[in-house]
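Data file: model-v3.txt. Format and content: compact mmCIF, C-alpha atoms.
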# COMPACT_ATOMS: atom_id res chain seq x y z
CA MET A 29 59.69 -86.42 197.81
CA GLN A 30 58.74 -86.15 201.50
CA LYS A 31 61.83 -84.04 201.97
CA HIS A 32 60.46 -81.52 199.52
CA VAL A 33 57.20 -81.20 201.47
CA VAL A 34 58.94 -79.40 204.34
CA ALA A 35 60.68 -77.16 201.83
CA ILE A 36 57.43 -76.31 200.04
CA ILE A 37 55.64 -75.47 203.28
CA LEU A 38 58.54 -73.23 204.28
CA ALA A 39 58.45 -71.56 200.87
CA ILE A 40 54.77 -70.71 201.28
CA VAL A 41 55.38 -69.29 204.74
CA LEU A 42 58.33 -67.24 203.50
CA TRP A 43 56.36 -65.57 200.73
CA GLN A 44 53.51 -64.52 202.96
CA PRO A 45 53.50 -60.85 203.87
CA LEU A 46 55.03 -59.81 207.15
CA CYS A 47 52.90 -61.16 209.96
CA GLN A 48 49.94 -58.84 210.36
CA ALA A 49 50.57 -56.77 213.45
CA GLN A 50 48.13 -57.75 216.12
CA VAL A 51 47.30 -54.17 217.02
CA GLY A 52 44.64 -54.18 219.64
CA ASN A 53 43.96 -52.52 222.92
CA SER A 54 46.18 -55.04 224.62
CA LEU A 55 49.45 -53.65 223.19
CA TYR A 56 48.40 -50.14 224.25
CA GLN A 57 47.65 -51.58 227.68
CA GLN A 58 50.89 -53.58 227.79
CA LEU A 59 52.77 -50.34 227.19
CA GLY A 60 51.07 -48.80 230.23
CA GLU A 61 48.57 -46.77 228.23
CA ARG A 62 49.17 -43.07 227.60
CA ALA A 63 51.31 -42.52 230.71
CA GLY A 64 53.49 -45.57 229.99
CA ILE A 65 53.95 -44.53 226.37
CA ASN A 66 54.92 -40.99 227.43
CA GLU A 67 57.54 -42.30 229.86
CA LEU A 68 58.87 -44.70 227.24
CA MET A 69 59.09 -41.87 224.70
CA THR A 70 60.96 -39.67 227.18
CA THR A 71 63.63 -42.37 227.60
CA PHE A 72 63.64 -42.95 223.84
CA VAL A 73 64.23 -39.26 223.07
CA LEU A 74 67.06 -39.17 225.63
CA GLU A 75 68.66 -42.22 223.97
CA ILE A 76 68.44 -40.53 220.57
CA ALA A 77 69.96 -37.34 222.00
CA GLU A 78 73.06 -39.29 223.04
CA ASP A 79 73.43 -41.14 219.74
CA GLU A 80 76.01 -39.54 217.46
CA ARG A 81 74.88 -41.71 214.56
CA VAL A 82 71.55 -39.91 214.27
CA ILE A 83 71.63 -36.74 216.35
CA GLU A 84 72.40 -34.59 213.28
CA HIS A 85 68.84 -35.16 212.03
CA PHE A 86 67.41 -33.68 215.24
CA ARG A 87 69.45 -30.47 215.38
CA ASN A 88 66.52 -28.26 214.35
CA VAL A 89 63.74 -30.34 215.82
CA ASP A 90 61.39 -28.96 218.47
CA ILE A 91 62.01 -31.77 220.95
CA GLU A 92 58.93 -31.15 223.03
CA ARG A 93 56.67 -31.27 219.98
CA PHE A 94 58.58 -34.34 218.69
CA HIS A 95 58.01 -36.10 222.00
CA HIS A 96 54.31 -35.21 222.04
CA MET A 97 53.77 -36.33 218.42
CA LEU A 98 55.63 -39.60 219.02
CA GLY A 99 53.42 -40.39 221.99
CA GLU A 100 50.26 -39.52 220.09
CA HIS A 101 51.29 -41.55 217.06
CA LEU A 102 52.25 -44.60 219.13
CA CYS A 103 49.02 -44.33 221.11
CA GLU A 104 47.05 -44.50 217.86
CA LEU A 105 49.19 -47.23 216.26
CA THR A 106 48.92 -49.49 219.31
CA GLY A 107 45.14 -49.20 219.46
CA GLY A 108 44.84 -46.48 222.08
CA PRO A 109 42.09 -43.81 222.16
CA CYS A 110 44.14 -41.18 220.33
CA THR A 111 44.16 -39.57 216.91
CA TYR A 112 47.56 -38.72 215.50
CA THR A 113 47.38 -35.09 214.40
CA GLY A 114 50.81 -34.79 212.78
CA ALA A 115 51.85 -35.09 209.17
CA ASP A 116 52.25 -38.53 207.61
CA MET A 117 55.60 -40.26 207.84
CA VAL A 118 56.61 -39.64 204.23
CA GLU A 119 56.03 -35.91 204.57
CA VAL A 120 57.77 -35.68 207.95
CA HIS A 121 60.91 -37.37 206.62
CA ARG A 122 60.99 -35.82 203.14
CA GLY A 123 64.41 -34.48 202.23
CA MET A 124 66.07 -36.04 205.28
CA ALA A 125 67.51 -38.94 203.28
CA ILE A 126 67.34 -41.26 206.30
CA THR A 127 69.58 -44.27 205.65
CA ARG A 128 68.85 -47.87 206.55
CA SER A 129 71.65 -47.69 209.16
CA GLU A 130 70.10 -44.59 210.73
CA PHE A 131 66.68 -46.23 210.87
CA ASN A 132 68.24 -49.25 212.59
CA ALA A 133 70.07 -46.94 215.01
CA ILE A 134 66.70 -45.45 216.00
CA VAL A 135 65.30 -48.98 216.42
CA GLU A 136 68.21 -49.75 218.75
CA ASN A 137 67.47 -46.62 220.76
CA LEU A 138 63.87 -47.75 221.14
CA ILE A 139 65.02 -51.22 222.23
CA LYS A 140 67.31 -49.63 224.83
CA ALA A 141 64.40 -47.55 226.09
CA MET A 142 62.12 -50.59 226.27
CA GLU A 143 64.81 -52.53 228.12
CA HIS A 144 65.21 -49.60 230.51
CA HIS A 145 61.48 -49.78 231.27
CA GLN A 146 61.75 -53.58 231.58
CA LEU A 147 59.03 -54.30 229.05
CA PRO A 148 58.62 -58.04 228.39
CA THR A 149 60.14 -59.40 225.15
CA ALA A 150 56.66 -60.11 223.74
CA THR A 151 55.55 -56.50 224.22
CA GLN A 152 58.82 -55.21 222.74
CA ASN A 153 58.39 -57.45 219.69
CA ARG A 154 54.81 -56.36 219.11
CA LEU A 155 55.78 -52.69 219.20
CA LEU A 156 58.81 -53.24 216.94
CA SER A 157 56.67 -55.19 214.50
CA THR A 158 54.12 -52.36 214.37
CA LEU A 159 56.77 -49.69 213.82
CA ALA A 160 58.78 -51.76 211.32
CA GLU A 161 55.93 -51.30 208.88
CA LEU A 162 56.81 -47.60 208.71
CA HIS A 163 60.31 -48.42 207.37
CA GLY A 164 59.30 -47.92 203.74
CA GLU A 165 57.72 -44.51 204.50
CA ILE A 166 60.72 -43.23 206.45
CA VAL A 167 63.91 -44.51 204.79
CA GLY A 168 65.27 -42.79 201.68
CA GLN A 169 62.68 -39.99 201.49
CA MET B 6 104.06 -80.71 202.51
CA ARG B 7 100.56 -80.75 203.96
CA ARG B 8 101.72 -78.85 206.98
CA LYS B 9 103.33 -76.25 204.76
CA ILE B 10 100.10 -75.66 202.84
CA SER B 11 98.22 -75.35 206.07
CA GLN B 12 100.69 -72.82 207.47
CA LYS B 13 100.52 -70.84 204.28
CA ASN B 14 96.73 -70.70 204.58
CA TYR B 15 96.88 -69.42 208.13
CA ALA B 16 99.39 -66.80 207.03
CA LEU B 17 96.97 -65.78 204.29
CA VAL B 18 94.09 -65.61 206.76
CA LEU B 19 96.12 -63.44 209.12
CA GLY B 20 97.37 -61.26 206.27
CA VAL B 21 93.88 -60.58 204.96
CA ALA B 22 92.66 -59.87 208.50
CA LEU B 23 95.39 -57.29 209.07
CA VAL B 24 94.79 -55.58 205.74
CA VAL B 25 91.02 -55.50 206.05
CA ALA B 26 90.64 -54.61 209.74
CA PRO B 27 91.51 -50.89 209.35
CA VAL B 28 89.02 -50.33 206.50
CA ALA B 29 86.23 -52.18 208.27
CA HIS B 30 84.84 -49.13 210.02
CA ALA B 31 81.34 -48.11 211.10
CA ASN B 32 80.08 -51.55 210.26
CA ASP B 33 77.19 -51.80 212.69
CA GLY B 34 74.29 -50.58 210.58
CA LYS B 35 72.31 -53.81 210.80
CA LEU B 36 70.34 -54.97 213.81
CA LEU B 37 71.77 -57.49 216.27
CA ALA B 38 71.88 -61.08 214.95
CA THR B 39 70.75 -60.11 211.42
CA GLY B 40 74.23 -61.00 210.13
CA ALA B 41 73.51 -64.54 211.37
CA VAL B 42 76.48 -66.87 211.92
CA THR B 43 78.92 -68.72 209.67
CA THR B 44 78.26 -72.11 208.13
CA ILE B 45 80.72 -74.98 207.86
CA GLU B 46 81.31 -73.86 204.27
CA GLY B 47 82.25 -70.29 205.23
CA SER B 48 79.09 -68.60 203.97
CA GLY B 49 76.92 -66.56 206.29
CA GLY B 50 73.90 -68.51 207.52
CA GLY B 51 73.19 -71.17 210.07
CA GLY B 52 75.46 -74.10 210.83
CA ILE B 53 74.95 -76.28 207.74
CA VAL B 54 72.66 -74.12 205.58
CA PRO B 55 73.78 -70.90 203.86
CA TRP B 56 71.18 -68.16 204.33
CA ALA B 57 70.11 -65.24 202.15
CA THR B 58 71.58 -62.98 204.85
CA THR B 59 75.01 -61.45 204.34
CA ALA B 60 77.57 -61.92 207.10
CA SER B 61 78.59 -59.13 209.52
CA TYR B 62 76.66 -55.95 210.35
CA ALA B 63 77.58 -53.93 207.25
CA GLU B 64 74.69 -51.88 205.86
CA ASP B 65 74.64 -49.64 202.77
CA GLY B 66 78.09 -48.15 202.16
CA GLU B 67 79.70 -50.10 205.01
CA TRP B 68 82.31 -52.87 205.01
CA GLY B 69 82.15 -55.85 207.32
CA PHE B 70 84.60 -58.59 208.12
CA THR B 71 84.19 -61.79 210.11
CA VAL B 72 86.50 -64.59 211.15
CA ASN B 73 85.07 -67.90 212.21
CA ALA B 74 85.93 -71.32 213.52
CA ASN B 75 83.61 -74.33 213.51
CA PHE B 76 84.18 -77.70 215.08
CA ALA B 77 82.02 -80.81 214.91
CA ASP B 78 82.77 -84.02 216.75
CA VAL B 79 80.68 -87.04 215.79
CA ASP B 80 81.34 -90.69 216.54
CA ASP B 81 83.95 -91.52 213.89
CA PHE B 82 84.80 -88.10 212.44
CA GLN B 83 85.90 -84.63 213.44
CA LEU B 84 85.26 -81.65 211.20
CA GLY B 85 87.29 -78.48 211.68
CA VAL B 86 86.63 -75.33 209.68
CA GLN B 87 88.26 -71.91 209.66
CA SER B 88 86.81 -69.17 207.54
CA LEU B 89 86.99 -65.50 206.60
CA ASN B 90 84.17 -63.41 205.30
CA LEU B 91 84.22 -59.96 203.73
CA THR B 92 80.92 -58.16 203.16
CA TYR B 93 79.92 -54.86 201.61
CA GLY B 94 76.68 -53.00 202.11
CA ASN B 95 74.36 -55.91 202.89
CA ARG B 96 74.84 -56.71 199.22
CA ILE B 97 77.95 -58.80 198.57
CA GLU B 98 79.64 -61.46 200.65
CA VAL B 99 82.99 -63.00 199.71
CA SER B 100 84.23 -65.91 201.78
CA TYR B 101 87.09 -68.34 202.11
CA ALA B 102 86.97 -71.51 204.19
CA GLN B 103 89.25 -74.44 204.80
CA GLN B 104 87.81 -77.72 206.00
CA ARG B 105 89.53 -80.70 207.50
CA LEU B 106 87.66 -83.90 208.20
CA GLY B 107 89.59 -86.18 210.53
CA LEU B 108 88.87 -89.86 209.93
CA ASN B 109 89.32 -91.22 213.44
CA THR B 110 88.37 -94.80 212.65
CA ILE B 111 89.68 -95.13 209.11
CA GLY B 112 92.77 -92.99 209.68
CA GLY B 113 94.01 -89.90 207.84
CA ASP B 114 92.01 -86.89 206.83
CA LEU B 115 90.14 -85.18 204.00
CA LYS B 116 90.62 -81.52 203.20
CA GLN B 117 89.21 -78.90 200.92
CA GLN B 118 89.15 -75.17 200.35
CA ILE B 119 85.95 -73.27 199.59
CA TYR B 120 85.74 -69.91 197.85
CA GLY B 121 82.31 -68.35 198.25
CA LEU B 122 80.44 -65.45 196.69
CA LYS B 123 76.92 -64.38 197.60
CA VAL B 124 74.87 -61.49 196.23
CA ARG B 125 71.61 -60.21 197.67
CA LEU B 126 69.20 -59.92 194.78
CA LEU B 127 66.15 -58.36 196.43
CA GLY B 128 64.11 -58.00 199.56
CA ASP B 129 65.08 -57.60 203.17
CA LEU B 130 65.29 -59.99 206.11
CA VAL B 131 63.43 -57.66 208.49
CA TYR B 132 61.60 -54.91 206.60
CA GLY B 133 58.93 -55.00 203.90
CA ASP B 134 56.88 -57.85 202.54
CA LEU B 135 59.48 -59.61 200.41
CA PRO B 136 61.90 -62.08 201.89
CA GLN B 137 65.60 -61.39 201.42
CA VAL B 138 66.66 -63.38 198.38
CA SER B 139 70.29 -64.08 197.53
CA LEU B 140 72.18 -66.04 194.92
CA GLY B 141 75.46 -67.68 195.86
CA VAL B 142 78.24 -69.90 194.62
CA GLN B 143 80.71 -72.04 196.51
CA HIS B 144 83.73 -73.19 194.54
CA LYS B 145 85.34 -76.14 196.29
CA ARG B 146 88.77 -77.64 195.71
CA ASN B 147 89.96 -80.86 197.32
CA THR B 148 93.50 -80.74 198.62
CA THR B 149 93.36 -84.51 199.31
CA PHE B 150 91.84 -86.51 196.47
CA ALA B 151 93.35 -90.02 196.78
CA LEU B 152 90.57 -91.40 198.97
CA PRO B 153 87.66 -89.68 197.15
CA GLN B 154 89.04 -91.01 193.86
CA ALA B 155 89.42 -94.50 195.30
CA VAL B 156 85.75 -94.60 196.32
CA GLY B 157 84.50 -93.43 192.93
CA ALA B 158 84.50 -89.61 192.92
CA LYS B 159 84.88 -88.16 189.41
CA HIS B 160 86.30 -84.70 190.11
CA ASP B 161 88.53 -83.03 192.70
CA SER B 162 86.76 -79.71 192.43
CA GLY B 163 83.22 -78.51 191.96
CA THR B 164 80.98 -75.48 192.20
CA ASP B 165 77.70 -75.35 194.11
CA ILE B 166 75.14 -72.74 193.07
CA TYR B 167 72.42 -71.83 195.53
CA LEU B 168 69.38 -69.58 195.80
CA SER B 169 68.25 -68.62 199.30
CA ALA B 170 65.25 -66.82 200.72
CA ALA B 171 65.15 -65.68 204.35
CA LYS B 172 62.58 -63.81 206.40
CA ALA B 173 62.31 -62.69 210.01
CA TRP B 174 58.99 -62.06 211.76
CA LEU B 175 59.56 -59.57 214.56
CA ALA B 176 56.46 -60.71 216.43
CA GLY B 177 55.68 -64.18 215.17
CA PRO B 178 54.06 -67.02 217.13
CA LEU B 179 54.33 -66.56 220.92
CA ASP B 180 55.18 -62.91 220.13
CA ARG B 181 58.75 -64.04 219.58
CA THR B 182 60.99 -63.08 216.68
CA TRP B 183 61.29 -65.96 214.22
CA VAL B 184 63.60 -66.45 211.29
CA ALA B 185 63.22 -68.94 208.45
CA ASN B 186 65.47 -69.69 205.53
CA LEU B 187 65.03 -71.90 202.51
CA THR B 188 67.91 -72.72 200.21
CA LEU B 189 67.91 -74.60 196.91
CA ARG B 190 71.36 -75.82 195.92
CA ALA B 191 72.55 -77.30 192.66
CA THR B 192 75.49 -79.53 193.52
CA LYS B 193 77.60 -82.55 192.64
CA ALA B 194 79.44 -82.56 195.96
CA ASN B 195 79.86 -85.76 197.96
CA GLN B 196 79.81 -85.07 201.72
CA LEU B 197 80.14 -81.29 201.14
CA GLY B 198 82.84 -82.08 198.56
CA LEU B 199 85.21 -83.66 201.06
CA LEU B 200 84.64 -86.93 199.17
CA GLY B 201 85.03 -85.22 195.79
CA PHE B 202 82.42 -84.35 193.19
CA GLY B 203 80.20 -86.60 191.12
CA GLY B 204 80.52 -90.35 191.32
CA ASP B 205 79.98 -93.76 189.82
CA GLN B 206 76.22 -93.53 190.49
CA ASN B 207 75.66 -90.00 189.25
CA ASP B 208 77.77 -87.20 187.79
CA ASP B 209 75.08 -84.60 187.09
CA TYR B 210 74.02 -81.56 189.05
CA GLN B 211 71.07 -82.22 191.35
CA VAL B 212 68.95 -79.67 193.21
CA MET B 213 68.85 -80.15 196.97
CA SER B 214 66.55 -78.48 199.53
CA GLU B 215 67.93 -77.03 202.71
CA ALA B 216 66.01 -75.25 205.45
CA SER B 217 66.49 -73.54 208.79
CA LEU B 218 63.94 -72.32 211.30
CA GLY B 219 64.78 -70.42 214.44
CA MET B 220 63.09 -68.57 217.29
CA PHE B 221 64.67 -65.79 219.33
CA VAL B 222 63.83 -66.43 222.96
CA ASN B 223 64.97 -62.83 223.53
CA ARG B 224 67.32 -60.49 221.63
CA HIS B 225 70.39 -62.58 222.38
CA TRP B 226 69.37 -66.23 222.29
CA LEU B 227 68.24 -68.13 219.22
CA LEU B 228 66.90 -71.70 219.21
CA GLY B 229 66.61 -73.48 215.91
CA VAL B 230 66.60 -76.54 213.70
CA GLU B 231 68.21 -77.18 210.35
CA TYR B 232 67.84 -79.73 207.61
CA ARG B 233 70.06 -80.33 204.61
CA GLN B 234 69.25 -82.73 201.81
CA LYS B 235 72.34 -84.24 200.16
CA PRO B 236 73.02 -86.05 196.89
CA ASP B 237 73.96 -89.72 196.79
CA ASN B 238 76.51 -90.06 194.00
CA LEU B 239 78.85 -92.74 195.31
CA GLY B 240 78.07 -96.44 195.14
CA PHE B 241 80.39 -97.48 197.97
CA ALA B 242 78.20 -96.00 200.71
CA ARG B 243 74.85 -94.31 200.92
CA GLU B 244 75.00 -90.57 201.66
CA SER B 245 72.46 -89.35 204.21
CA ASP B 246 70.73 -86.02 204.72
CA TRP B 247 71.90 -83.95 207.67
CA ARG B 248 70.02 -82.22 210.45
CA ASP B 249 70.78 -80.38 213.65
CA VAL B 250 69.26 -78.56 216.59
CA PHE B 251 71.12 -75.44 217.67
CA VAL B 252 71.39 -72.67 220.23
CA GLY B 253 72.88 -69.39 219.06
CA TRP B 254 74.11 -66.65 221.37
CA PHE B 255 74.59 -63.06 220.20
CA PRO B 256 75.91 -61.14 223.25
CA THR B 257 77.08 -58.19 221.10
CA LYS B 258 77.55 -57.38 217.42
CA SER B 259 81.20 -58.42 217.75
CA VAL B 260 80.72 -62.01 218.83
CA ALA B 261 78.37 -64.89 218.09
CA MET B 262 78.54 -68.44 219.37
CA VAL B 263 76.61 -71.55 218.41
CA VAL B 264 76.39 -74.97 219.97
CA ALA B 265 74.41 -77.73 218.33
CA TYR B 266 73.49 -81.35 218.46
CA THR B 267 73.95 -82.74 215.00
CA ASP B 268 72.73 -85.94 213.41
CA LEU B 269 74.73 -86.74 210.28
CA LYS B 270 73.46 -90.33 210.00
CA GLY B 271 75.87 -92.54 208.06
CA ILE B 272 79.08 -91.12 206.63
CA ALA B 273 81.27 -93.19 204.29
CA GLY B 274 79.56 -96.38 205.42
CA LEU B 275 79.95 -95.73 209.14
CA PRO B 276 76.45 -95.51 210.66
CA ASP B 277 74.89 -93.29 213.36
CA GLN B 278 77.17 -90.30 213.25
CA SER B 279 75.79 -87.87 215.80
CA GLY B 280 77.50 -85.51 218.16
CA ALA B 281 78.28 -81.96 219.16
CA TYR B 282 78.97 -78.90 217.08
CA ALA B 283 80.37 -75.57 218.19
CA SER B 284 81.05 -72.35 216.33
CA LEU B 285 82.62 -69.02 217.21
CA GLN B 286 82.35 -65.94 215.02
CA ILE B 287 84.00 -62.58 215.51
CA SER B 288 82.83 -59.58 213.51
CA PHE B 289 84.89 -56.46 212.87
Rewrite the structure of this file - the entire thing - as structure tokens.
Amino acid sequence: MQKHVVAIILAIVLWQPLCQAQVGNSLYQQLGERAGINELMTTFVLEIAEDERVIEHFRNVDIERFHHMLGEHLCELTGGPCTYTGADMVEVHRGMAITRSEFNAIVENLIKAMEHHQLPTATQNRLLSTLAELHGEIVGQ
Amino acid sequence: MRRKISQKNYALVLGVALVVAPVAHANDGKLLATGAVTTIEGSGGGGIVPWATTASYAEDGEWGFTVNANFADVDDFQLGVQSLNLTYGNRIEVSYAQQRLGLNTIGGDLKQQIYGLKVRLLGDLVYGDLPQVSLGVQHKRNTTFALPQAVGAKHDSGTDIYLSAAKAWLAGPLDRTWVANLTLRATKANQLGLLGFGGDQNDDYQVMSEASLGMFVNRHWLLGVEYRQKPDNLGFARESDWRDVFVGWFPTKSVAMVVAYTDLKGIAGLPDQSGAYASLQISF
């Protein structure tokens, strides 16, 4: 019976929703605030530009606007003093039919960018956790 | 005769590998380490617990293929496993494993073959609120049954059915990525099936709990613990639950390695079986 106790506790943990992202000012600060986010997004966009798995989706994208919107969105999502002025994620990705593989490819580009900027693992995880919640609004639209 | 069977199996393994390798293209749609490693029964998962994850890095529309070798060396036994695993689209996993348990003290060995099938039913390991839930079967056939029969085993083959749920938290405690898996397995197998199926004490299916919990120190290193409850069907010796502590290393999506300290308690009446475990997995 004791053996089942561990199993039951694990079961409860497993069925809880994804850990609530601890979005607070600290993640925004850990990313180096607006300037740090902008630099990170520059590296991120350059990684995407070199990635044949996803570049097709960016052929007709205004890269400068994309970069600006990314920074603004991340600033807001991480608790910074910004208001994202772009369209919501579903609308932005409608008709693009982004696959799960392509979403993961973008995640890998972000990880590469974060590694390039030598962000600590904890900061990387907090940002990934925040952005992972957008998966449902982006994939398969 | 034994040697011949063994050679035939290796030829089969090699044959399948050569046939499958060319079609296994663009198979890196999943994130690093989300294909997990390969268990001692050939299914994708941890070391001793099959997980709800599917092996390899195949996402929707992609094929994946892994080959794997496991080796455990405890006081009186040595377990060697070779396995193959074919996956499609993070949905279906088909596996084949051959196990050999060397009986150092008693002499001789015990062998079986395991044919596995796992299907992801719902959910996702990383994204969304639901855990990834999979249903699997492992059909096991003894190729040496004299000893299992002599100690009271009823059957030389058996089929385990298991339901697994797995979830990763990208920023869990300590802002580290954590992964947990819970598996419920209906089984009659004695010592994985190496000592046959069913026994003088019990010949009915029983549901066993198995669990794994791991923490990624960073993207490449995983620390974890596992626990596996086991039935106790044979009167000649008490069968113990298993547990281990492991370190997994995922340098790239092509290779994964695991080393573990494993505590298998008593096996076949020989007490205090603990020792080292190592596993190598190559993904195509």
Exercise for the section: Considering all atoms listed in the file, extract the chain B residues located within 7 Å of chain A and return them as a list in words. Expected result: Gly34, Lys35, Leu36, Glu64, Tyr132, Gly133, Asp134, Leu135, Pro136, Lys172, Trp174, Leu175, Ala176, Gly177, Asp180, Arg181, Thr182, Leu187, Ser214, Ala216 and Asn223 of chain B
Exercise for the section: Kindly extract all protein, DNA and RNA residues lying within 12 Å of the coordinates (65.7, -55.7, 198.5) given in the file, considering all atoms listed in the file, and supply them as a PyMOL selection string. Expected result: (chain A and resi 128+164) or (chain B and resi 57-58+65+94-96+124-139+170-172)
Fill in the blank from the handout: The distance between atom CA of B:Ser284 and atom CA of B:Thr43 is 7.9 Å
Practice task
Skip A:Ala125 itself and residues of its chain fewer than 3 positions away, then list as number ranges by chain all residues within 9 Å of it, counting only C-alpha atoms.
Solution key: A: 121-122, 166-169
Exercise for the section: Name all residues at most 9 Å from A:Leu74 (count only C-alpha atoms; drop same-chain ones fewer than 4 positions away) and give them as a VMD selection string. Expected result: chain A and resid 69 to 70 78 to 79 137 141
Practice task
Just the residues within 6 Å of stretch 233-241 of chain B, please, counting only C-alpha atoms, with nothing from its chain fewer than 4 positions along; format it as a VMD selection string.
Solution key: chain B and resid 203 to 207 213 to 215 246 to 247
Would you mind exporting the chosen residues as a tab-separated table (two decimals), in the coordinates of the input, restricted to C-alpha atoms?
chain	number	residue	atom	x	y	z
B	203	GLY	CA	80.20	-86.60	191.12
B	204	GLY	CA	80.52	-90.35	191.32
B	205	ASP	CA	79.98	-93.76	189.82
B	206	GLN	CA	76.22	-93.53	190.49
B	207	ASN	CA	75.66	-90.00	189.25
B	213	MET	CA	68.85	-80.15	196.97
B	214	SER	CA	66.55	-78.48	199.53
B	215	GLU	CA	67.93	-77.03	202.71
B	246	ASP	CA	70.73	-86.02	204.72
B	247	TRP	CA	71.90	-83.95	207.67
Handout entry: Pairwise distance for atom CA of B:Ala41 and atom CA of B:Gln211, rounded to one decimal in Å
Key = 26.8 Å
Exercise for the section: Could you check how far atom CA of B:Gly229 sits from atom CA of B:Ala191, in Å to one decimal? Expected result: 24.3 Å
